[in-house]
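K.L.:
Input structure: start26.cif, which contains mmCIF, N, CA and C atoms.
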data_final
loop_
_atom_site.label_atom_id
_atom_site.label_comp_id
_atom_site.auth_asym_id
_atom_site.auth_seq_id
_atom_site.Cartn_x
_atom_site.Cartn_y
_atom_site.Cartn_z
N LEU A 26 12.40 -28.72 -53.98
CA LEU A 26 13.40 -27.72 -53.66
C LEU A 26 14.17 -28.16 -52.43
N ASP A 27 15.48 -27.92 -52.44
CA ASP A 27 16.27 -28.27 -51.27
C ASP A 27 16.16 -27.17 -50.21
N VAL A 28 16.89 -27.29 -49.11
CA VAL A 28 16.77 -26.32 -48.03
C VAL A 28 17.21 -24.92 -48.43
N GLN A 29 18.01 -24.80 -49.50
CA GLN A 29 18.41 -23.48 -50.02
C GLN A 29 17.44 -22.96 -51.08
N GLY A 30 16.42 -23.75 -51.43
CA GLY A 30 15.44 -23.33 -52.43
C GLY A 30 15.80 -23.69 -53.86
N ALA A 31 16.85 -24.48 -54.06
CA ALA A 31 17.27 -24.89 -55.40
C ALA A 31 16.57 -26.18 -55.81
N PRO A 32 16.34 -26.39 -57.11
CA PRO A 32 15.74 -27.65 -57.56
C PRO A 32 16.60 -28.84 -57.13
N CYS A 33 15.95 -29.88 -56.60
CA CYS A 33 16.67 -31.03 -56.09
C CYS A 33 15.85 -32.29 -56.32
N VAL A 34 16.51 -33.36 -56.73
CA VAL A 34 15.88 -34.67 -56.88
C VAL A 34 16.42 -35.53 -55.75
N GLY A 35 15.52 -36.09 -54.93
CA GLY A 35 15.97 -36.91 -53.81
C GLY A 35 14.82 -37.27 -52.91
N PHE A 36 15.08 -37.29 -51.62
CA PHE A 36 14.09 -37.68 -50.62
C PHE A 36 13.45 -36.46 -49.98
N MET A 37 12.12 -36.53 -49.77
CA MET A 37 11.43 -35.43 -49.12
C MET A 37 11.67 -35.49 -47.62
N LEU A 38 11.98 -34.34 -47.05
CA LEU A 38 12.20 -34.20 -45.61
C LEU A 38 11.10 -33.30 -45.03
N GLY A 39 10.77 -33.51 -43.78
CA GLY A 39 9.82 -32.63 -43.11
C GLY A 39 8.38 -33.07 -43.27
N GLN A 40 7.48 -32.20 -42.80
CA GLN A 40 6.06 -32.49 -42.83
C GLN A 40 5.30 -31.28 -43.34
N VAL A 41 4.37 -31.53 -44.26
CA VAL A 41 3.58 -30.44 -44.82
C VAL A 41 2.74 -29.79 -43.72
N ARG A 42 2.19 -30.59 -42.83
CA ARG A 42 1.32 -30.03 -41.79
C ARG A 42 2.07 -29.09 -40.85
N LEU A 43 3.39 -29.21 -40.81
CA LEU A 43 4.21 -28.32 -39.99
C LEU A 43 4.84 -27.21 -40.83
N TYR A 44 4.44 -27.10 -42.10
CA TYR A 44 4.92 -26.06 -43.03
C TYR A 44 6.43 -26.08 -43.20
N GLY A 45 6.99 -27.27 -43.25
CA GLY A 45 8.42 -27.36 -43.45
C GLY A 45 8.79 -28.59 -44.26
N VAL A 46 8.94 -28.43 -45.55
CA VAL A 46 9.36 -29.55 -46.39
C VAL A 46 10.53 -29.10 -47.26
N ALA A 47 11.40 -30.04 -47.54
CA ALA A 47 12.53 -29.82 -48.44
C ALA A 47 12.89 -31.17 -49.03
N VAL A 48 13.73 -31.16 -50.05
CA VAL A 48 14.20 -32.39 -50.67
C VAL A 48 15.70 -32.47 -50.45
N ALA A 49 16.18 -33.66 -50.09
CA ALA A 49 17.61 -33.87 -49.87
C ALA A 49 18.15 -34.85 -50.89
N SER A 50 19.32 -34.59 -51.38
CA SER A 50 19.98 -35.46 -52.35
C SER A 50 20.31 -36.81 -51.71
N PRO A 51 20.16 -37.91 -52.47
CA PRO A 51 20.53 -39.22 -51.94
C PRO A 51 22.01 -39.55 -52.15
N ALA A 52 22.81 -38.56 -52.51
CA ALA A 52 24.21 -38.81 -52.89
C ALA A 52 25.01 -39.54 -51.81
N ASP A 53 24.73 -39.31 -50.54
CA ASP A 53 25.51 -39.94 -49.47
C ASP A 53 24.78 -41.11 -48.81
N CYS A 54 23.69 -41.57 -49.40
CA CYS A 54 22.92 -42.68 -48.82
C CYS A 54 23.52 -44.01 -49.25
N ARG A 55 23.92 -44.82 -48.28
CA ARG A 55 24.52 -46.12 -48.58
C ARG A 55 23.51 -47.10 -49.17
N ASN A 56 22.23 -46.89 -48.89
CA ASN A 56 21.21 -47.83 -49.37
C ASN A 56 20.66 -47.47 -50.75
N VAL A 57 21.22 -46.47 -51.41
CA VAL A 57 20.84 -46.12 -52.78
C VAL A 57 21.95 -46.60 -53.70
N SER A 58 21.60 -47.52 -54.61
CA SER A 58 22.60 -48.15 -55.46
C SER A 58 23.27 -47.16 -56.41
N PRO A 59 24.45 -47.50 -56.92
CA PRO A 59 25.11 -46.65 -57.92
C PRO A 59 24.25 -46.47 -59.18
N HIS A 60 23.45 -47.47 -59.52
CA HIS A 60 22.56 -47.37 -60.69
C HIS A 60 21.54 -46.25 -60.48
N MET A 61 20.93 -46.25 -59.29
CA MET A 61 19.94 -45.22 -58.99
C MET A 61 20.60 -43.86 -58.82
N GLN A 62 21.80 -43.84 -58.23
CA GLN A 62 22.52 -42.57 -58.09
C GLN A 62 22.77 -41.94 -59.46
N ALA A 63 23.14 -42.76 -60.44
CA ALA A 63 23.39 -42.25 -61.79
C ALA A 63 22.12 -41.69 -62.40
N ALA A 64 21.00 -42.39 -62.23
CA ALA A 64 19.72 -41.92 -62.77
C ALA A 64 19.27 -40.63 -62.08
N VAL A 65 19.42 -40.57 -60.76
CA VAL A 65 19.05 -39.35 -60.02
C VAL A 65 19.89 -38.17 -60.50
N ALA A 66 21.18 -38.37 -60.67
CA ALA A 66 22.05 -37.28 -61.13
C ALA A 66 21.63 -36.80 -62.51
N ARG A 67 21.25 -37.73 -63.38
CA ARG A 67 20.82 -37.37 -64.74
C ARG A 67 19.51 -36.57 -64.69
N VAL A 68 18.55 -37.02 -63.89
CA VAL A 68 17.28 -36.29 -63.76
C VAL A 68 17.54 -34.92 -63.14
N GLN A 69 18.37 -34.87 -62.11
CA GLN A 69 18.70 -33.61 -61.45
C GLN A 69 19.26 -32.59 -62.45
N SER A 70 20.19 -33.01 -63.28
CA SER A 70 20.78 -32.07 -64.24
C SER A 70 19.74 -31.58 -65.24
N PHE A 71 18.79 -32.43 -65.61
CA PHE A 71 17.75 -32.01 -66.56
C PHE A 71 16.79 -31.03 -65.90
N VAL A 72 16.32 -31.35 -64.70
CA VAL A 72 15.35 -30.49 -64.00
C VAL A 72 15.95 -29.12 -63.70
N GLN A 73 17.23 -29.07 -63.37
CA GLN A 73 17.88 -27.78 -63.09
C GLN A 73 17.91 -26.88 -64.31
N ARG A 74 17.98 -27.46 -65.51
CA ARG A 74 18.03 -26.66 -66.74
C ARG A 74 16.65 -26.45 -67.37
N SER A 75 15.64 -27.11 -66.85
CA SER A 75 14.30 -27.03 -67.42
C SER A 75 13.69 -25.64 -67.21
N PRO A 76 12.96 -25.13 -68.22
CA PRO A 76 12.25 -23.86 -68.03
C PRO A 76 11.02 -24.02 -67.14
N LEU A 77 10.61 -25.26 -66.89
CA LEU A 77 9.46 -25.51 -66.03
C LEU A 77 9.92 -25.72 -64.59
N ALA A 78 9.21 -25.11 -63.67
CA ALA A 78 9.62 -25.10 -62.26
C ALA A 78 9.37 -26.45 -61.59
N PRO A 79 10.20 -26.79 -60.58
CA PRO A 79 9.91 -27.97 -59.78
C PRO A 79 8.68 -27.70 -58.92
N TYR A 80 8.01 -28.76 -58.53
CA TYR A 80 6.80 -28.66 -57.72
C TYR A 80 7.13 -28.20 -56.31
N ASP A 81 6.33 -27.26 -55.81
CA ASP A 81 6.44 -26.79 -54.43
C ASP A 81 5.23 -27.32 -53.68
N LYS A 82 5.45 -28.26 -52.79
CA LYS A 82 4.36 -28.92 -52.08
C LYS A 82 3.56 -27.95 -51.21
N MET A 83 4.18 -26.90 -50.74
CA MET A 83 3.47 -25.94 -49.88
C MET A 83 2.48 -25.09 -50.68
N SER A 84 2.87 -24.65 -51.86
CA SER A 84 1.99 -23.79 -52.65
C SER A 84 1.18 -24.58 -53.69
N GLY A 85 1.59 -25.82 -53.97
CA GLY A 85 0.89 -26.63 -54.97
C GLY A 85 1.18 -26.18 -56.39
N THR A 86 2.31 -25.51 -56.60
CA THR A 86 2.66 -25.01 -57.93
C THR A 86 3.93 -25.69 -58.42
N GLY A 87 4.13 -25.65 -59.73
CA GLY A 87 5.32 -26.22 -60.34
C GLY A 87 4.96 -27.44 -61.18
N PHE A 88 5.83 -27.78 -62.10
CA PHE A 88 5.57 -28.85 -63.07
C PHE A 88 6.15 -30.20 -62.63
N TRP A 89 7.43 -30.22 -62.25
CA TRP A 89 8.12 -31.47 -61.91
C TRP A 89 7.71 -31.88 -60.51
N ARG A 90 6.67 -32.72 -60.41
CA ARG A 90 6.04 -33.01 -59.13
C ARG A 90 6.73 -34.11 -58.33
N GLN A 91 6.92 -35.26 -58.95
CA GLN A 91 7.50 -36.38 -58.20
C GLN A 91 8.16 -37.36 -59.16
N ILE A 92 9.23 -37.95 -58.70
CA ILE A 92 9.89 -39.01 -59.46
C ILE A 92 10.07 -40.19 -58.52
N THR A 93 9.57 -41.33 -58.95
CA THR A 93 9.70 -42.55 -58.17
C THR A 93 10.57 -43.52 -58.96
N MET A 94 11.55 -44.12 -58.29
CA MET A 94 12.43 -45.09 -58.94
C MET A 94 12.38 -46.40 -58.17
N ARG A 95 12.30 -47.51 -58.93
CA ARG A 95 12.35 -48.85 -58.37
C ARG A 95 13.40 -49.64 -59.14
N GLN A 96 14.14 -50.47 -58.44
CA GLN A 96 15.20 -51.23 -59.08
C GLN A 96 15.06 -52.71 -58.77
N THR A 97 15.32 -53.56 -59.79
CA THR A 97 15.43 -55.00 -59.58
C THR A 97 16.90 -55.33 -59.45
N PHE A 98 17.23 -56.15 -58.50
CA PHE A 98 18.64 -56.47 -58.28
C PHE A 98 19.03 -57.85 -58.80
N HIS A 99 18.12 -58.82 -58.69
CA HIS A 99 18.49 -60.20 -58.99
C HIS A 99 17.77 -60.76 -60.21
N ALA A 100 17.00 -59.96 -60.90
CA ALA A 100 16.19 -60.46 -62.01
C ALA A 100 16.93 -60.45 -63.34
N ALA A 101 17.91 -59.58 -63.48
CA ALA A 101 18.57 -59.46 -64.78
C ALA A 101 19.95 -58.84 -64.60
N ASP A 102 20.74 -58.97 -65.66
CA ASP A 102 22.03 -58.31 -65.69
C ASP A 102 22.17 -57.61 -67.04
N PRO A 103 22.17 -56.32 -67.14
CA PRO A 103 22.17 -55.37 -66.03
C PRO A 103 20.80 -55.31 -65.36
N PRO A 104 20.74 -54.76 -64.13
CA PRO A 104 19.48 -54.69 -63.41
C PRO A 104 18.49 -53.77 -64.11
N GLY A 105 17.21 -54.00 -63.81
CA GLY A 105 16.16 -53.14 -64.34
C GLY A 105 15.94 -51.94 -63.44
N LEU A 106 15.58 -50.82 -64.04
CA LEU A 106 15.29 -49.61 -63.30
C LEU A 106 14.01 -49.00 -63.88
N LEU A 107 12.97 -48.90 -63.05
CA LEU A 107 11.70 -48.29 -63.44
C LEU A 107 11.65 -46.88 -62.88
N ILE A 108 11.38 -45.92 -63.75
CA ILE A 108 11.26 -44.52 -63.33
C ILE A 108 9.86 -44.04 -63.68
N VAL A 109 9.14 -43.52 -62.69
CA VAL A 109 7.82 -42.95 -62.89
C VAL A 109 7.93 -41.45 -62.62
N VAL A 110 7.61 -40.64 -63.62
CA VAL A 110 7.69 -39.18 -63.51
C VAL A 110 6.27 -38.64 -63.42
N ALA A 111 5.94 -37.97 -62.33
CA ALA A 111 4.64 -37.33 -62.16
C ALA A 111 4.81 -35.84 -62.42
N ALA A 112 4.04 -35.32 -63.38
CA ALA A 112 4.12 -33.91 -63.75
C ALA A 112 2.78 -33.24 -63.47
N GLN A 113 2.83 -32.03 -62.94
CA GLN A 113 1.64 -31.25 -62.62
C GLN A 113 1.34 -30.34 -63.80
N HIS A 114 0.28 -30.63 -64.53
CA HIS A 114 -0.07 -29.84 -65.70
C HIS A 114 -0.95 -28.65 -65.36
N CYS A 115 -1.64 -28.70 -64.23
CA CYS A 115 -2.56 -27.63 -63.87
C CYS A 115 -2.18 -27.07 -62.51
N ALA A 116 -1.92 -25.79 -62.46
CA ALA A 116 -1.55 -25.13 -61.20
C ALA A 116 -2.82 -24.62 -60.51
N PRO A 117 -2.75 -24.37 -59.20
CA PRO A 117 -3.90 -23.78 -58.53
C PRO A 117 -4.31 -22.49 -59.23
N GLY A 118 -5.60 -22.30 -59.36
CA GLY A 118 -6.09 -21.13 -60.07
C GLY A 118 -6.39 -21.42 -61.52
N GLY A 119 -6.08 -22.63 -61.99
CA GLY A 119 -6.46 -23.04 -63.33
C GLY A 119 -5.44 -22.84 -64.42
N ALA A 120 -4.29 -22.21 -64.14
CA ALA A 120 -3.28 -22.02 -65.18
C ALA A 120 -2.71 -23.38 -65.57
N ARG A 121 -2.66 -23.65 -66.86
CA ARG A 121 -2.16 -24.94 -67.36
C ARG A 121 -0.84 -24.76 -68.10
N VAL A 122 0.00 -25.75 -67.98
CA VAL A 122 1.21 -25.80 -68.79
C VAL A 122 0.76 -26.24 -70.18
N ASP A 123 1.22 -25.54 -71.20
CA ASP A 123 0.87 -25.88 -72.57
C ASP A 123 1.26 -27.34 -72.82
N GLU A 124 0.33 -28.11 -73.40
CA GLU A 124 0.56 -29.55 -73.62
C GLU A 124 1.79 -29.82 -74.48
N ALA A 125 2.01 -29.00 -75.48
CA ALA A 125 3.18 -29.19 -76.35
C ALA A 125 4.47 -28.97 -75.57
N VAL A 126 4.48 -27.97 -74.70
CA VAL A 126 5.66 -27.70 -73.87
C VAL A 126 5.88 -28.85 -72.89
N ALA A 127 4.80 -29.30 -72.24
CA ALA A 127 4.90 -30.42 -71.29
C ALA A 127 5.42 -31.67 -71.98
N GLU A 128 4.87 -31.99 -73.14
CA GLU A 128 5.30 -33.18 -73.87
C GLU A 128 6.76 -33.07 -74.30
N ALA A 129 7.16 -31.89 -74.75
CA ALA A 129 8.55 -31.69 -75.16
C ALA A 129 9.50 -31.87 -73.97
N GLU A 130 9.13 -31.36 -72.81
CA GLU A 130 9.97 -31.51 -71.62
C GLU A 130 10.08 -32.96 -71.18
N LEU A 131 8.94 -33.66 -71.17
CA LEU A 131 8.96 -35.07 -70.75
C LEU A 131 9.76 -35.92 -71.74
N ASN A 132 9.58 -35.67 -73.03
CA ASN A 132 10.37 -36.39 -74.02
C ASN A 132 11.85 -36.04 -73.92
N GLY A 133 12.14 -34.78 -73.61
CA GLY A 133 13.53 -34.37 -73.41
C GLY A 133 14.17 -35.09 -72.24
N LEU A 134 13.40 -35.29 -71.16
CA LEU A 134 13.92 -36.01 -70.00
C LEU A 134 14.22 -37.46 -70.38
N VAL A 135 13.31 -38.08 -71.13
CA VAL A 135 13.53 -39.47 -71.56
C VAL A 135 14.82 -39.57 -72.38
N THR A 136 14.99 -38.68 -73.31
CA THR A 136 16.21 -38.68 -74.13
C THR A 136 17.44 -38.46 -73.26
N HIS A 137 17.34 -37.53 -72.32
CA HIS A 137 18.46 -37.22 -71.43
C HIS A 137 18.85 -38.44 -70.58
N LEU A 138 17.85 -39.26 -70.22
CA LEU A 138 18.13 -40.47 -69.44
C LEU A 138 18.76 -41.57 -70.28
N GLN A 139 18.49 -41.56 -71.59
CA GLN A 139 18.97 -42.63 -72.46
C GLN A 139 20.26 -42.32 -73.19
N GLU A 140 20.55 -41.06 -73.42
CA GLU A 140 21.69 -40.66 -74.25
C GLU A 140 22.65 -39.78 -73.46
N PRO A 141 23.83 -40.15 -73.19
CA PRO A 141 24.40 -41.47 -73.38
C PRO A 141 23.82 -42.43 -72.34
N PRO A 142 23.99 -43.75 -72.53
CA PRO A 142 23.46 -44.72 -71.57
C PRO A 142 24.00 -44.46 -70.17
N LEU A 143 23.19 -44.78 -69.18
CA LEU A 143 23.61 -44.61 -67.79
C LEU A 143 24.80 -45.51 -67.47
N ASP A 144 25.65 -45.04 -66.57
CA ASP A 144 26.80 -45.80 -66.14
C ASP A 144 26.81 -45.82 -64.62
N PRO A 145 26.65 -46.99 -63.99
CA PRO A 145 26.58 -48.33 -64.54
C PRO A 145 25.29 -48.57 -65.32
N PRO A 146 25.33 -49.49 -66.30
CA PRO A 146 24.18 -49.70 -67.18
C PRO A 146 22.99 -50.33 -66.47
N VAL A 147 21.79 -50.01 -66.97
CA VAL A 147 20.53 -50.57 -66.47
C VAL A 147 19.60 -50.84 -67.65
N GLN A 148 18.61 -51.69 -67.43
CA GLN A 148 17.51 -51.85 -68.37
C GLN A 148 16.46 -50.84 -67.92
N LEU A 149 16.29 -49.77 -68.67
CA LEU A 149 15.50 -48.62 -68.26
C LEU A 149 14.07 -48.69 -68.77
N SER A 150 13.10 -48.50 -67.87
CA SER A 150 11.69 -48.33 -68.22
C SER A 150 11.24 -47.01 -67.62
N ILE A 151 10.58 -46.18 -68.45
CA ILE A 151 10.17 -44.85 -67.99
C ILE A 151 8.68 -44.68 -68.26
N THR A 152 7.96 -44.19 -67.27
CA THR A 152 6.53 -43.94 -67.37
C THR A 152 6.25 -42.54 -66.86
N THR A 153 5.28 -41.86 -67.47
CA THR A 153 4.90 -40.54 -66.98
C THR A 153 3.45 -40.57 -66.51
N GLU A 154 3.17 -39.71 -65.55
CA GLU A 154 1.83 -39.59 -64.99
C GLU A 154 1.48 -38.11 -64.93
N CYS A 155 0.28 -37.76 -65.37
CA CYS A 155 -0.19 -36.38 -65.34
C CYS A 155 -1.00 -36.16 -64.07
N CYS A 156 -0.62 -35.20 -63.27
CA CYS A 156 -1.35 -34.85 -62.05
C CYS A 156 -1.97 -33.47 -62.24
N ASP A 157 -3.23 -33.35 -61.89
CA ASP A 157 -3.91 -32.05 -62.01
C ASP A 157 -4.72 -31.78 -60.75
N GLY A 158 -4.08 -31.43 -59.69
CA GLY A 158 -4.79 -31.11 -58.47
C GLY A 158 -3.92 -31.33 -57.25
N PRO A 159 -4.50 -31.09 -56.09
CA PRO A 159 -3.72 -31.16 -54.85
C PRO A 159 -3.42 -32.58 -54.39
N GLY A 160 -4.16 -33.59 -54.85
CA GLY A 160 -3.94 -34.96 -54.41
C GLY A 160 -2.72 -35.58 -55.03
N GLU A 161 -2.40 -36.77 -54.57
CA GLU A 161 -1.23 -37.48 -55.07
C GLU A 161 -1.54 -38.40 -56.24
N ALA A 162 -2.82 -38.73 -56.45
CA ALA A 162 -3.18 -39.72 -57.46
C ALA A 162 -3.77 -39.07 -58.70
N THR A 163 -3.62 -39.75 -59.82
CA THR A 163 -4.24 -39.35 -61.07
C THR A 163 -5.63 -39.96 -61.10
N PRO A 164 -6.68 -39.17 -61.42
CA PRO A 164 -8.02 -39.74 -61.50
C PRO A 164 -8.09 -40.89 -62.49
N ALA A 165 -8.97 -41.84 -62.22
CA ALA A 165 -9.12 -43.01 -63.09
C ALA A 165 -9.38 -42.58 -64.52
N GLY A 166 -8.69 -43.24 -65.45
CA GLY A 166 -8.87 -42.94 -66.86
C GLY A 166 -8.01 -41.81 -67.38
N ASP A 167 -7.31 -41.12 -66.48
CA ASP A 167 -6.43 -40.04 -66.94
C ASP A 167 -5.13 -40.61 -67.49
N SER A 168 -4.26 -39.72 -67.89
CA SER A 168 -3.09 -40.16 -68.66
C SER A 168 -1.96 -40.71 -67.82
N ILE A 169 -1.67 -41.97 -68.06
CA ILE A 169 -0.43 -42.59 -67.62
C ILE A 169 0.17 -43.16 -68.88
N THR A 170 1.37 -42.73 -69.21
CA THR A 170 1.98 -43.06 -70.49
C THR A 170 3.29 -43.78 -70.29
N ARG A 171 3.48 -44.89 -70.98
CA ARG A 171 4.78 -45.57 -70.95
C ARG A 171 5.59 -45.07 -72.13
N LEU A 172 6.78 -44.60 -71.85
CA LEU A 172 7.62 -44.03 -72.91
C LEU A 172 8.67 -45.02 -73.35
#
Go ahead and render the structure in this file as C-alpha cells.
P.N.:
Amino acid sequence: LDVQGAPCVGFMLGQVRLYGVAVASPADCRNVSPHMQAAVARVQSFVQRSPLAPYDKMSGTGFWRQITMRQTFHAADPPGLLIVVAAQHCAPGGARVDEAVAEAELNGLVTHLQEPPLDPPVQLSITTECCDGPGEATPAGDSITRL
C-alpha cells in the first residue's frame, strides 16, 4: 500500500519496527529501466483490479505479498526479465485463500503480463512462490512454480 493506502507496486519505504511502512512507485527512478517500468505498470494495473487484497506488512494480511524483478542487460536482445511473485495463501488466524481463486489470480497476472507483449520487449520468465506465515521464506519443499 502506498502512503494514501492504495495498492502500489514499487519499493518499500520505512521500517516495520517503527510501525511505518509504505510502498512507493518506481516511476521517477532513473535506475529502473524502461523494461522494468513497463512490467511494474502492468502488474500495478492487475493488482489494483484484483479482488484479492495487497499484503499489509503491519497486519500480516493480504494476498499479493511481494514481487521481485531482475533484469539482464547484456545477455540477450531483447533483455531478459525475471519476475518472482510471492503470494500469501494463509492469513493470520488460519483463513486461507481458496486455491482455485489463488491459481486463477496468478494465472491471470501471467496472462496480463504477456498479452499484449510488454513495450519495450523483454524475454519474460515468471515464477510464483506461496508464502504461509509471517516470515519471508517458503518452507523447504513448499510450492515454487515456474509459469
K.L.:
Pull out every residue that the PyMOL selection byres (((chain A and resi 73-84 and name CA) around 10) and name CA) matches in the shown coordinates and put them as number ranges by chain.
P.N.:
A: 26, 30-34, 40-42, 44-47, 68-72, 85-91, 111-113, 116-117, 122, 126-127, 130, 133-134, 159
K.L.:
Quick one: distance from CA of Ser58 (chain A) to CA of Ala129 (chain A) in Å, one decimal?
P.N.:
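Result for CA of Ser58 (chain A) versus CA of Ala129 (chain A): 29.3 Å, one decimal.
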K.L.:
Tell me, in Å to one decimal, how far CA of Asp157 (chain A) is from atom N of Gln96 (chain A).
P.N.:
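For CA of Asp157 (chain A) relative to atom N of Gln96 (chain A), the distance reads 26.0 Å.
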K.L.:
Could you tell me how far atom N of Met61 (chain A) lies from CA of Pro145 (chain A), in Å and to one decimal?
P.N.:
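Calculated distance between atom N of Met61 (chain A) and CA of Pro145 (chain A) is 8.0 Å.
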K.L.:
Based on DSSP run over this structure's backbone, return all residues of chain A in strand (DSSP E), as a PyMOL selection string.
P.N.:
chain A and resi 36-40+45-49+89-96+105-113+148-156+169-171
K.L.:
From the options A:Leu131, A:Ile151, A:Leu143, A:Arg67, which residue's atoms come nearest to Ile108 (chain A), counting only N, CA and C atoms?
P.N.:
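Residue with the minimum atom-to-atom distance to Ile108 (chain A): A:Ile151.
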K.L.:
Can you tell me, as a ChimeraX atom specification, what residues are no more than 8 Å from region 100-106 of chain A when counting only C-alpha atoms, ignoring any on the same chain fewer than 4 positions away?
P.N.:
/A:61,94-96,146-150
K.L.:
Dig up all the protein and nucleic acid residues within 6 Å of (14.4, -37.9, -58.0) in the file frame, using only C-alpha atoms, and format them as number ranges by chain.
P.N.:
A: 34-35, 65, 92
K.L.:
Write out, as a short mmCIF file (atom, residue, chain, number, x, y, z; two decimals), in the frame of the given file, the residues just selected, with N, CA and C atoms.
P.N.:
data_model
loop_
_atom_site.label_atom_id
_atom_site.label_comp_id
_atom_site.auth_asym_id
_atom_site.auth_seq_id
_atom_site.Cartn_x
_atom_site.Cartn_y
_atom_site.Cartn_z
N VAL A 34 16.51 -33.36 -56.73
CA VAL A 34 15.88 -34.67 -56.88
C VAL A 34 16.42 -35.53 -55.75
N GLY A 35 15.52 -36.09 -54.93
CA GLY A 35 15.97 -36.91 -53.81
C GLY A 35 14.82 -37.27 -52.91
N VAL A 65 19.42 -40.57 -60.76
CA VAL A 65 19.05 -39.35 -60.02
C VAL A 65 19.89 -38.17 -60.50
N ILE A 92 9.23 -37.95 -58.70
CA ILE A 92 9.89 -39.01 -59.46
C ILE A 92 10.07 -40.19 -58.52
#
K.L.:
Write down as a list in words the residues of region 88-127 of chain A whose backbone DSSP state falls under alpha helix (DSSP H).
P.N.:
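Result set for region 88-127 of chain A (alpha helix (DSSP H)): Glu124, Ala125, Val126 and Ala127 of chain A.
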K.L.:
Assuming 6 Å of padding per side, give the centre and edge lengths of the axis-aligned box around every listed atom of region 121-126 of chain A, in Å to one decimal and as JSON.
P.N.:
{"center_x": 1.6, "center_y": -26.7, "center_z": -71.6, "size_x": 20.5, "size_y": 18.2, "size_z": 21.5}
K.L.:
Under the rule that all atoms listed in the file are counted, which of A:Asp123, A:Asp27, A:Asp144, A:Glu128 is the nearest residue to Ala63 (chain A)?
P.N.:
A:Asp144
K.L.:
From the list A:Leu107, A:Ala64, A:Ala125, A:Ala120, which residue is nearest Leu138 (chain A) when using all atoms listed in the file?
P.N.:
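Of A:Leu107, A:Ala64, A:Ala125, A:Ala120, the one nearest Leu138 (chain A) is A:Ala64, counting all atoms listed in the file.
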K.L.:
In terms of the shortest atom-to-atom distance over all atoms listed in the file, which of A:Met37, A:Val110, A:Cys54, A:Ala49 is closest to Glu154 (chain A)?
P.N.:
A:Val110
